[in-house]
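structure38.cif follows (mmCIF, C-alpha atoms):
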```
data_my_file
loop_
_atom_site.group_PDB
_atom_site.id
_atom_site.type_symbol
_atom_site.label_atom_id
_atom_site.label_comp_id
_atom_site.auth_asym_id
_atom_site.auth_seq_id
_atom_site.Cartn_x
_atom_site.Cartn_y
_atom_site.Cartn_z
ATOM 1 C CA PHE W 22 105.547 73.801 115.250
ATOM 2 C CA PHE W 23 103.264 72.720 112.428
ATOM 3 C CA VAL W 24 99.665 73.963 112.314
ATOM 4 C CA TYR W 25 97.154 73.170 109.570
ATOM 5 C CA PRO W 26 93.449 73.977 110.147
ATOM 6 C CA TYR W 27 91.182 72.149 107.704
ATOM 7 C CA LEU W 28 87.568 71.078 107.260
ATOM 8 C CA VAL W 29 86.259 67.647 106.271
ATOM 9 C CA LYS W 30 83.351 67.487 103.824
ATOM 10 C CA THR W 31 81.326 64.335 103.164
ATOM 11 C CA ILE W 32 78.996 63.569 100.251
ATOM 12 C CA TYR W 33 77.410 60.333 98.993
ATOM 13 C CA ILE W 34 77.446 59.268 95.330
ATOM 14 C CA ARG W 35 75.997 55.887 94.261
ATOM 15 C CA ASP W 36 76.321 54.520 97.784
ATOM 16 C CA PHE W 37 79.945 55.667 97.935
ATOM 17 C CA GLU W 38 81.030 57.901 100.794
ATOM 18 C CA ILE W 39 83.224 60.678 99.417
ATOM 19 C CA ARG W 40 85.294 62.648 101.919
ATOM 20 C CA ASP W 41 87.602 65.498 101.054
ATOM 21 C CA ILE W 42 89.379 68.212 102.995
ATOM 22 C CA THR W 43 89.790 71.924 102.469
ATOM 23 C CA SER W 44 91.742 74.498 104.427
ATOM 24 C CA ALA W 45 89.734 76.833 106.635
ATOM 25 C CA TYR W 46 88.314 79.961 105.019
ATOM 26 C CA GLY W 47 90.770 82.730 104.316
ATOM 27 C CA TYR W 48 94.517 82.555 103.899
ATOM 28 C CA SER W 49 95.330 79.626 106.119
ATOM 29 C CA GLY W 50 97.156 76.569 104.817
ATOM 30 C CA PRO W 51 99.960 75.039 106.882
ATOM 31 C CA ALA W 52 102.071 77.235 109.156
ATOM 32 C CA CYS W 53 105.418 75.729 110.025
ATOM 33 C CA SER W 54 108.538 76.725 111.923
ATOM 34 C CA SER W 55 111.020 74.986 109.615
ATOM 35 C CA GLU W 56 111.278 73.326 106.215
ATOM 36 C CA HIS W 57 112.666 70.130 107.768
ATOM 37 C CA LEU W 58 109.732 69.788 110.159
ATOM 38 C CA GLY W 59 107.330 70.561 107.318
ATOM 39 C CA LYS W 60 108.631 67.701 105.181
ATOM 40 C CA LYS W 61 108.508 65.192 108.067
ATOM 41 C CA THR W 62 104.990 66.267 109.031
ATOM 42 C CA GLU W 63 103.750 66.127 105.445
ATOM 43 C CA ILE W 64 104.824 62.473 105.167
ATOM 44 C CA ALA W 65 102.919 61.619 108.351
ATOM 45 C CA PHE W 66 99.914 63.685 107.249
ATOM 46 C CA LEU W 67 99.745 61.905 103.876
ATOM 47 C CA GLU W 68 99.622 58.551 105.634
ATOM 48 C CA TYR W 69 96.868 59.861 107.905
ATOM 49 C CA CYS W 70 94.854 61.066 104.886
ATOM 50 C CA LYS W 71 95.050 57.597 103.312
ATOM 51 C CA GLN W 72 93.900 55.974 106.556
ATOM 52 C CA GLN W 73 90.958 58.387 106.689
ATOM 53 C CA ALA W 74 90.094 57.588 103.054
ATOM 54 C CA PHE W 75 90.092 61.227 101.986
ATOM 55 C CA VAL W 76 89.624 61.646 98.247
ATOM 56 C CA SER W 77 91.078 65.083 97.605
ATOM 57 C CA GLU W 78 92.444 68.232 99.233
ATOM 58 C CA PHE W 79 92.162 71.936 98.474
ATOM 59 C CA VAL W 80 94.487 74.420 100.210
ATOM 60 C CA ARG W 81 94.555 78.219 100.363
ATOM 61 C CA TYR W 82 98.089 79.199 101.304
ATOM 62 C CA HIS W 83 98.907 82.180 103.481
ATOM 63 C CA TYR W 84 100.645 85.074 101.760
ATOM 64 C CA ASP W 85 103.404 85.405 104.381
ATOM 65 C CA SER W 86 106.173 83.310 102.852
ATOM 66 C CA HIS W 87 108.148 83.357 106.129
ATOM 67 C CA LEU W 88 105.347 81.447 107.861
ATOM 68 C CA THR W 89 103.813 79.251 105.171
ATOM 69 C CA TYR W 90 104.800 75.701 104.309
ATOM 70 C CA MET W 91 103.602 74.598 100.853
ATOM 71 C CA PHE W 92 102.869 70.909 100.406
ATOM 72 C CA ARG W 93 105.287 69.225 97.977
ATOM 73 C CA MET W 94 104.239 65.592 97.679
ATOM 74 C CA ASP W 95 101.799 64.870 94.842
ATOM 75 C CA SER W 96 100.442 68.383 95.282
ATOM 76 C CA GLU W 97 99.721 70.881 92.521
ATOM 77 C CA ILE W 98 100.531 74.479 93.522
ATOM 78 C CA LEU W 99 98.810 77.167 91.465
ATOM 79 C CA LEU W 100 99.039 80.945 91.365
ATOM 80 C CA ASN W 101 95.505 82.247 91.949
ATOM 81 C CA ARG W 102 95.790 86.040 91.918
ATOM 82 C CA LYS W 103 97.793 88.821 93.534
ATOM 83 C CA LEU W 104 96.886 90.412 96.856
ATOM 84 C CA VAL W 105 97.364 94.034 97.859
ATOM 85 C CA ILE W 106 99.263 93.902 101.172
ATOM 86 C CA LEU W 107 99.977 97.073 103.159
ATOM 87 C CA ASN W 108 102.921 97.207 105.530
ATOM 88 C CA LEU W 109 101.663 99.174 108.531
ATOM 89 C CA THR W 110 104.890 99.141 110.529
ATOM 90 C CA GLN W 111 105.592 102.640 109.225
ATOM 91 C CA GLU W 112 104.166 105.767 110.822
ATOM 92 C CA TRP W 113 100.749 106.862 109.627
ATOM 93 C CA GLN W 114 102.013 110.111 108.114
ATOM 94 C CA THR W 115 104.638 108.202 106.128
ATOM 95 C CA ILE W 116 101.987 105.868 104.739
ATOM 96 C CA TRP W 117 99.682 108.820 103.968
ATOM 97 C CA GLN W 118 102.339 110.835 102.185
ATOM 98 C CA GLN W 119 104.404 108.121 100.501
ATOM 99 C CA GLN W 120 102.039 105.184 99.936
ATOM 100 C CA PHE W 121 98.694 106.783 99.087
ATOM 101 C CA SER W 122 98.280 108.180 95.594
ATOM 102 C CA LYS W 123 97.766 111.931 95.165
ATOM 103 C CA THR W 124 94.254 111.390 93.789
ATOM 104 C CA ASN W 125 93.372 109.226 96.776
ATOM 105 C CA ARG W 126 94.583 111.867 99.247
ATOM 106 C CA ASN W 127 92.526 114.536 97.468
ATOM 107 C CA LEU W 128 89.374 112.399 97.629
ATOM 108 C CA VAL W 129 89.927 111.762 101.341
ATOM 109 C CA ARG W 130 90.402 115.486 102.048
ATOM 110 C CA LYS W 131 87.256 116.254 100.045
ATOM 111 C CA GLY W 132 85.231 113.814 102.139
ATOM 112 C CA ILE W 133 86.489 115.297 105.412
ATOM 113 C CA ASN W 134 85.783 118.840 104.202
ATOM 114 C CA ASN W 135 82.233 117.798 103.299
ATOM 115 C CA GLY W 136 81.553 116.695 106.857
ATOM 116 C CA PHE W 137 81.968 112.924 106.577
ATOM 117 C CA ARG W 138 83.660 111.130 109.463
ATOM 118 C CA LEU W 139 84.688 107.665 110.661
ATOM 119 C CA ALA W 140 82.468 105.791 113.130
ATOM 120 C CA THR W 141 82.465 102.324 114.660
ATOM 121 C CA THR W 142 80.333 100.193 116.994
ATOM 122 C CA PRO W 143 78.155 100.869 118.940
ATOM 123 C CA GLU W 144 77.373 103.964 116.843
ATOM 124 C CA ILE W 145 77.135 101.647 113.832
ATOM 125 C CA THR W 146 74.946 98.596 114.438
ATOM 126 C CA VAL W 147 75.144 95.124 112.924
ATOM 127 C CA LYS W 148 71.600 95.612 111.622
ATOM 128 C CA GLN W 149 72.636 98.754 109.738
ATOM 129 C CA PHE W 150 75.659 97.086 108.204
ATOM 130 C CA ARG W 151 73.728 93.967 107.172
ATOM 131 C CA ARG W 152 71.049 96.065 105.461
ATOM 132 C CA LEU W 153 73.682 98.055 103.585
ATOM 133 C CA TYR W 154 75.573 94.886 102.668
ATOM 134 C CA ASN W 155 72.496 93.001 101.424
ATOM 135 C CA GLU W 156 71.370 95.940 99.294
ATOM 136 C CA HIS W 157 74.852 96.196 97.807
ATOM 137 C CA MET W 158 74.975 92.455 97.026
ATOM 138 C CA LYS W 159 71.494 92.561 95.494
ATOM 139 C CA SER W 160 72.549 95.397 93.165
ATOM 140 C CA LYS W 161 75.462 93.224 91.977
ATOM 141 C CA GLY W 162 73.192 90.239 91.321
ATOM 142 C CA THR W 163 75.315 87.981 93.538
ATOM 143 C CA GLU W 164 74.490 84.378 94.442
ATOM 144 C CA ASN W 165 72.898 83.348 97.747
ATOM 145 C CA PHE W 166 76.310 82.127 98.906
ATOM 146 C CA TYR W 167 77.303 85.759 99.610
ATOM 147 C CA TYR W 168 74.314 86.522 101.880
ATOM 148 C CA PHE W 169 74.473 86.030 105.648
ATOM 149 C CA ASP W 170 71.892 86.222 108.423
ATOM 150 C CA GLU W 171 72.133 88.669 111.312
ATOM 151 C CA ARG W 172 73.465 86.027 113.700
ATOM 152 C CA TYR W 173 76.474 85.493 111.422
ATOM 153 C CA PHE W 174 77.444 89.164 111.751
ATOM 154 C CA ASP W 175 76.730 89.145 115.494
ATOM 155 C CA ASP W 176 79.024 86.158 115.945
ATOM 156 C CA LEU W 177 81.772 87.821 113.917
ATOM 157 C CA LEU W 178 81.727 90.910 116.090
ATOM 158 C CA PHE W 179 80.672 89.766 119.543
ATOM 159 C CA ALA W 180 81.226 86.001 119.976
ATOM 160 C CA LYS W 181 83.600 85.115 122.808
ATOM 161 C CA ASN W 182 86.578 82.739 122.821
ATOM 162 C CA ARG W 183 87.538 83.487 119.236
ATOM 163 C CA ALA W 184 90.985 83.166 117.699
ATOM 164 C CA TYR W 185 90.492 86.506 115.959
ATOM 165 C CA GLN W 186 89.078 89.990 116.536
ATOM 166 C CA SER W 187 86.626 91.870 114.339
ATOM 167 C CA GLN W 188 86.319 95.578 113.697
ATOM 168 C CA LEU W 189 83.443 97.375 111.985
ATOM 169 C CA PHE W 190 84.129 100.841 110.552
ATOM 170 C CA GLY W 191 81.760 103.149 108.741
ATOM 171 C CA ILE W 192 81.523 106.621 107.221
ATOM 172 C CA VAL W 193 78.660 108.703 108.583
ATOM 173 C CA LYS W 194 77.196 112.161 108.141
ATOM 174 C CA ASP W 195 74.115 113.559 109.889
ATOM 175 C CA LYS W 196 73.523 110.133 111.484
ATOM 176 C CA GLU W 197 73.323 108.419 108.083
ATOM 177 C CA LEU W 198 75.622 105.523 107.167
ATOM 178 C CA PHE W 199 77.230 106.026 103.746
ATOM 179 C CA SER W 200 79.693 103.114 103.620
ATOM 180 C CA ALA W 201 80.997 100.439 105.959
ATOM 181 C CA ALA W 202 83.582 97.664 106.135
ATOM 182 C CA MET W 203 84.346 94.753 108.409
ATOM 183 C CA PHE W 204 87.926 93.720 109.120
ATOM 184 C CA LEU W 205 89.216 90.514 110.725
ATOM 185 C CA LYS W 206 92.359 90.642 112.845
ATOM 186 C CA SER W 207 94.586 87.895 114.207
ATOM 187 C CA GLY W 208 97.999 88.630 115.680
ATOM 188 C CA PRO W 209 99.898 91.014 113.378
ATOM 189 C CA TYR W 210 97.541 90.406 110.425
ATOM 190 C CA ALA W 211 94.315 92.156 109.480
ATOM 191 C CA THR W 212 92.072 91.353 106.516
ATOM 192 C CA TYR W 213 89.599 93.574 104.676
ATOM 193 C CA PHE W 214 86.664 91.148 104.815
ATOM 194 C CA LEU W 215 83.263 92.619 103.838
ATOM 195 C CA SER W 216 82.216 96.083 102.690
ATOM 196 C CA ALA W 217 79.277 97.957 101.219
ATOM 197 C CA ARG W 218 78.208 101.469 100.314
ATOM 198 C CA ASN W 219 74.904 103.308 100.445
ATOM 199 C CA LEU W 220 73.368 102.971 96.971
ATOM 200 C CA THR W 221 71.136 106.025 97.397
ATOM 201 C CA HIS W 222 74.277 108.190 97.204
ATOM 202 C CA SER W 223 76.494 108.077 94.132
ATOM 203 C CA ASN W 224 79.570 109.556 95.840
ATOM 204 C CA SER W 225 81.885 106.536 95.661
ATOM 205 C CA SER W 226 84.785 108.508 97.189
ATOM 206 C CA ASN W 227 83.352 107.597 100.591
ATOM 207 C CA MET W 228 85.058 104.219 100.131
ATOM 208 C CA ASN W 229 88.392 106.037 99.806
ATOM 209 C CA LEU W 230 87.710 107.873 103.055
ATOM 210 C CA LEU W 231 86.510 104.669 104.741
ATOM 211 C CA LEU W 232 89.635 102.674 103.940
ATOM 212 C CA SER W 233 91.951 105.606 104.613
ATOM 213 C CA LYS W 234 90.553 106.218 108.096
ATOM 214 C CA SER W 235 90.436 102.481 108.835
ATOM 215 C CA ILE W 236 94.123 102.186 107.950
ATOM 216 C CA GLN W 237 94.901 105.207 110.140
ATOM 217 C CA SER W 238 93.021 103.607 113.035
ATOM 218 C CA PHE W 239 95.037 100.392 112.700
ATOM 219 C CA CYS W 240 98.286 102.391 112.596
ATOM 220 C CA GLU W 241 97.487 104.402 115.697
ATOM 221 C CA ASN W 242 96.107 101.531 117.796
ATOM 222 C CA GLU W 243 98.433 100.338 120.561
ATOM 223 C CA ASN W 244 97.823 96.705 119.507
ATOM 224 C CA ARG W 245 99.282 97.546 116.173
ATOM 225 C CA VAL W 246 98.599 95.558 113.022
ATOM 226 C CA ARG W 247 101.725 94.924 110.940
ATOM 227 C CA PHE W 248 100.117 93.785 107.698
ATOM 228 C CA LEU W 249 96.745 94.684 106.217
ATOM 229 C CA ASN W 250 95.435 92.447 103.456
ATOM 230 C CA LEU W 251 93.142 94.393 101.114
ATOM 231 C CA GLY W 252 92.527 91.291 99.024
ATOM 232 C CA VAL W 253 92.476 90.657 95.298
ATOM 233 C CA GLY W 254 90.656 91.969 92.260
ATOM 234 C CA VAL W 255 87.706 90.198 90.664
ATOM 235 C CA SER W 256 89.887 88.865 87.831
ATOM 236 C CA VAL W 257 93.495 87.888 87.115
ATOM 237 C CA PHE W 258 94.117 90.873 84.841
ATOM 238 C CA PRO W 259 96.459 93.680 86.007
ATOM 239 C CA ASP W 260 93.977 96.345 84.847
ATOM 240 C CA ASP W 261 91.194 94.896 87.010
ATOM 241 C CA SER W 262 89.181 97.889 88.309
ATOM 242 C CA LEU W 263 88.898 96.606 91.893
ATOM 243 C CA LEU W 264 92.621 95.852 92.064
ATOM 244 C CA LYS W 265 93.437 99.324 90.699
ATOM 245 C CA PHE W 266 91.212 100.884 93.372
ATOM 246 C CA LYS W 267 92.994 98.999 96.151
ATOM 247 C CA LYS W 268 96.390 99.986 94.794
ATOM 248 C CA VAL W 269 95.710 103.705 95.370
ATOM 249 C CA PHE W 270 96.420 102.936 99.051
ATOM 250 C CA GLY W 271 99.910 101.725 98.189
ATOM 251 C CA GLY W 272 101.244 98.424 99.421
ATOM 252 C CA ASP W 273 102.779 95.522 97.537
ATOM 253 C CA LEU W 274 101.302 92.996 95.134
ATOM 254 C CA ILE W 275 101.899 89.605 96.759
ATOM 255 C CA LYS W 276 101.226 86.302 95.027
ATOM 256 C CA PHE W 277 98.395 84.198 96.457
ATOM 257 C CA PHE W 278 98.734 80.447 95.868
ATOM 258 C CA ILE W 279 96.285 77.578 96.142
ATOM 259 C CA GLY W 280 97.046 73.852 96.231
ATOM 260 C CA LYS W 281 95.275 70.746 94.977
ATOM 261 C CA ARG W 282 95.983 67.114 95.780
ATOM 262 C CA ILE W 283 94.177 63.882 94.893
ATOM 263 C CA PHE W 284 94.494 60.907 97.246
ATOM 264 C CA ASP W 285 92.050 58.501 95.554
ATOM 265 C CA LYS W 286 92.001 58.981 91.779
ATOM 266 C CA GLU W 287 89.294 56.377 91.173
ATOM 267 C CA LYS W 288 86.778 58.018 93.484
ATOM 268 C CA TYR W 289 87.806 61.442 92.205
ATOM 269 C CA ARG W 290 86.896 60.397 88.658
ATOM 270 C CA LEU W 291 83.545 59.220 90.002
ATOM 271 C CA ILE W 292 82.876 62.744 91.333
ATOM 272 C CA GLN W 293 83.685 64.275 87.960
ATOM 273 C CA LYS W 294 81.160 62.147 86.040
#
```
For this file, write the structure as structure tokens.
Amino acid sequence: FFVYPYLVKTIYIRDFEIRDITSAYGYSGPACSSEHLGKKTEIAFLEYCKQQAFVSEFVRYHYDSHLTYMFRMDSEILLNRKLVILNLTQEWQTIWQQQFSKTNRNLVRKGINNGFRLATTPEITVKQFRRLYNEHMKSKGTENFYYFDERYFDDLLFAKNRAYQSQLFGIVKDKELFSAAMFLKSGPYATYFLSARNLTHSNSSNMNLLLSKSIQSFCENENRVRFLNLGVGVSVFPDDSLLKFKKVFGGDLIKFFIGKRIFDKEKYRLIQK
């Protein structure tokens, strides 16, 4: 098999139609059953791209090297950052004792002792999560690109006929939501997608409890997730604060690659001007 989900974008510059392609959001890129098939399909795909008059291509490759085929022909492959990937095929107690840092375990115990607990839908509503998320984004001064309307969250959680499942977890106490996170799941893979914490409370250790209990839930679910992607840091530096936070849950640092390819160099130069 060879599967490559991508989107086509069209813009107009000086009466020129410019069309390029980009892989679907997330860690997609081509999935292929063999190197031989990948090479044959890439040749045919390149010819198709020329027929369609695509100008350029941008690819986000999946982190599972056993599944991913990286384009070779006239394609530039670049290391973007490193992902924190947790292997959840082990028992929960093994992960808790051997993967989590001592400081992380202490913060989780402290949260439980203080009466905080894990909750999910319908106890947590989309409206609650969106309010928490928007307030968190506003405090960071983020661009409009990172804001979503309520329908977007509804579709993520409740839309039918999807190729993935969504799970919303939160930490609550006395009916108040202190932190929450949304995960996307497809087959053996789960991805830490969106999260936010209650800004009226400075106790950031609730995020430790939130992720810890979410990981435990994935481990103990009968439809077990094998790999949980906690994502990258905000920079490429190994001392990145977000990356260091994610590493307290253990896991491996896996390289995340992107790819760039130009089909029509003349039109591409036109875009750059």
### Message
I need the output of the PyMOL selection byres ((chain W and resi 156) around 12) for this file as a PyMOL selection string; which residues are they?
### Response
chain W and resi 149-155+157-163+167-168+200+216-221
Include C-alpha atoms and write out the residues we just selected as a PDB file, in the frame of the given file.
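Output contents, as saved in part_10.pdb:
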```
ATOM      1  CA  GLN W 149      72.636  98.754 109.738  1.00  0.00           C
ATOM      2  CA  PHE W 150      75.659  97.086 108.204  1.00  0.00           C
ATOM      3  CA  ARG W 151      73.728  93.967 107.172  1.00  0.00           C
ATOM      4  CA  ARG W 152      71.049  96.065 105.461  1.00  0.00           C
ATOM      5  CA  LEU W 153      73.682  98.055 103.585  1.00  0.00           C
ATOM      6  CA  TYR W 154      75.573  94.886 102.668  1.00  0.00           C
ATOM      7  CA  ASN W 155      72.496  93.001 101.424  1.00  0.00           C
ATOM      8  CA  HIS W 157      74.852  96.196  97.807  1.00  0.00           C
ATOM      9  CA  MET W 158      74.975  92.455  97.026  1.00  0.00           C
ATOM     10  CA  LYS W 159      71.494  92.561  95.494  1.00  0.00           C
ATOM     11  CA  SER W 160      72.549  95.397  93.165  1.00  0.00           C
ATOM     12  CA  LYS W 161      75.462  93.224  91.977  1.00  0.00           C
ATOM     13  CA  GLY W 162      73.192  90.239  91.321  1.00  0.00           C
ATOM     14  CA  THR W 163      75.315  87.981  93.538  1.00  0.00           C
ATOM     15  CA  TYR W 167      77.303  85.759  99.610  1.00  0.00           C
ATOM     16  CA  TYR W 168      74.314  86.522 101.880  1.00  0.00           C
ATOM     17  CA  SER W 200      79.693 103.114 103.620  1.00  0.00           C
ATOM     18  CA  SER W 216      82.216  96.083 102.690  1.00  0.00           C
ATOM     19  CA  ALA W 217      79.277  97.957 101.219  1.00  0.00           C
ATOM     20  CA  ARG W 218      78.208 101.469 100.314  1.00  0.00           C
ATOM     21  CA  ASN W 219      74.904 103.308 100.445  1.00  0.00           C
ATOM     22  CA  LEU W 220      73.368 102.971  96.971  1.00  0.00           C
ATOM     23  CA  THR W 221      71.136 106.025  97.397  1.00  0.00           C
TER      24      THR W 221
END
```
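With atom CA of Phe166 of chain W on one side and atom CA of Lys288 of chain W on the other, the separation reads 26.8 Å.
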### Message
Residue by residue, what does the PyMOL selection byres ((chain W and resi 90-92) around 6) grab here? Present the result as an MDAnalysis selection string.
### Response
chainID W and resid 51:53 89 93
#### Entry: Ground truth for the PyMOL selection byres ((chain W and resi 267) around 12), written as a PyMOL selection string
chain W and resi 103-107+120-122+125+213+228-229+232-233+249-255+259-266+268-274
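Going from atom CA of Gly208 of chain W to atom CA of Ile275 of chain W covers 19.3 Å.
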### Task
Find the residues near Phe277 of chain W: any atom within 8 Å, counting only C-alpha atoms, skip ones fewer than 4 places away on the same chain, and give them as a PyMOL selection string.
chain W and resi 82-84+100-104
Those same residues - C-alpha atoms - I'd like them written as a CSV table (one decimal), in the frame of the given file.
```csv
chain,number,residue,atom,x,y,z
W,82,TYR,CA,98.1,79.2,101.3
W,83,HIS,CA,98.9,82.2,103.5
W,84,TYR,CA,100.6,85.1,101.8
W,100,LEU,CA,99.0,80.9,91.4
W,101,ASN,CA,95.5,82.2,91.9
W,102,ARG,CA,95.8,86.0,91.9
W,103,LYS,CA,97.8,88.8,93.5
W,104,LEU,CA,96.9,90.4,96.9
```
### Task
Record the distance separating atom CA of Leu291 of chain W and atom CA of Phe37 of chain W, expressed in Å with one decimal.
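Here the two named atoms are 9.4 Å from each other.
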#### Entry: Distance query Asn135 of chain W at most 12 Å, all atoms listed in the file, self and fewer than 3 positions along chain excluded, as a PyMOL selection string
chain W and resi 128-132+138+192-195+224+226-227+230
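You can rank W:Lys148, W:Lys206, W:Lys71, W:Lys276 by their closest distance to Arg40 of chain W using only C-alpha atoms, and at the top of that list sits W:Lys71.
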### Message
I'd like the neighbourhood of segment 202-205 of chain W as a count of residues only, where a residue qualifies if any of its atoms comes within 7 Å (using all atoms listed in the file), though same-chain residues fewer than 3 positions away should be ignored.
### Response
14
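Comparing W:Glu287, W:Glu56, W:Glu63, W:Asp85 by their smallest distance to Phe248 of chain W, the closest is W:Asp85 (using only C-alpha atoms).
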Starting from 6 Å padding per side, set up an axis-aligned box that covers all listed atoms of segment 40-43 of chain W and hand over centre and edge lengths in Å, one decimal, as JSON.
```
{"center_x": 87.5, "center_y": 67.3, "center_z": 102.0, "size_x": 16.5, "size_y": 21.3, "size_z": 13.9}
```
### Message
Using all atoms listed in the file, can you tell me which of W:Ile34, W:Ile145, W:Glu97, W:Phe22 comes closest to Gly59 of chain W?
### Response
W:Phe22
#### Entry: For Phe284 of chain W, the nearest of the candidates W:Glu112, W:Glu78, W:Glu243, W:Asp176, counting all atoms listed in the file
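Closest to Phe284 of chain W of all the choices is W:Glu78.
Within 12 Å of Val76 of chain W, once only C-alpha atoms are used and residues closer than 3 positions along the same chain are dropped, the contacting residues are Val29, Lys30, Thr31, Ile32, Phe37, Glu38, Ile39, Arg40, Asp41, Ile42, Thr43, Leu67, Cys70, Lys71, Gln72, Gln73, Phe79, Lys281, Arg282, Ile283, Phe284, Asp285, Lys286, Glu287, Lys288, Tyr289, Arg290, Leu291 and Ile292 of chain W.
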#### Entry: Residue among W:Ala74, W:Leu88, W:Ile64, W:Val147 lying closest to Tyr48 of chain W, counting all atoms listed in the file
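Answer, going by the shortest atom-to-atom distance: W:Leu88.
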### Task
Kindly indicate which residue among W:Lys196, W:Trp117, W:Gln111, W:Leu178 lies nearest to Glu144 of chain W, using only C-alpha atoms for the distances.
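Checking each candidate against Glu144 of chain W, we get W:Lys196 as the closest.
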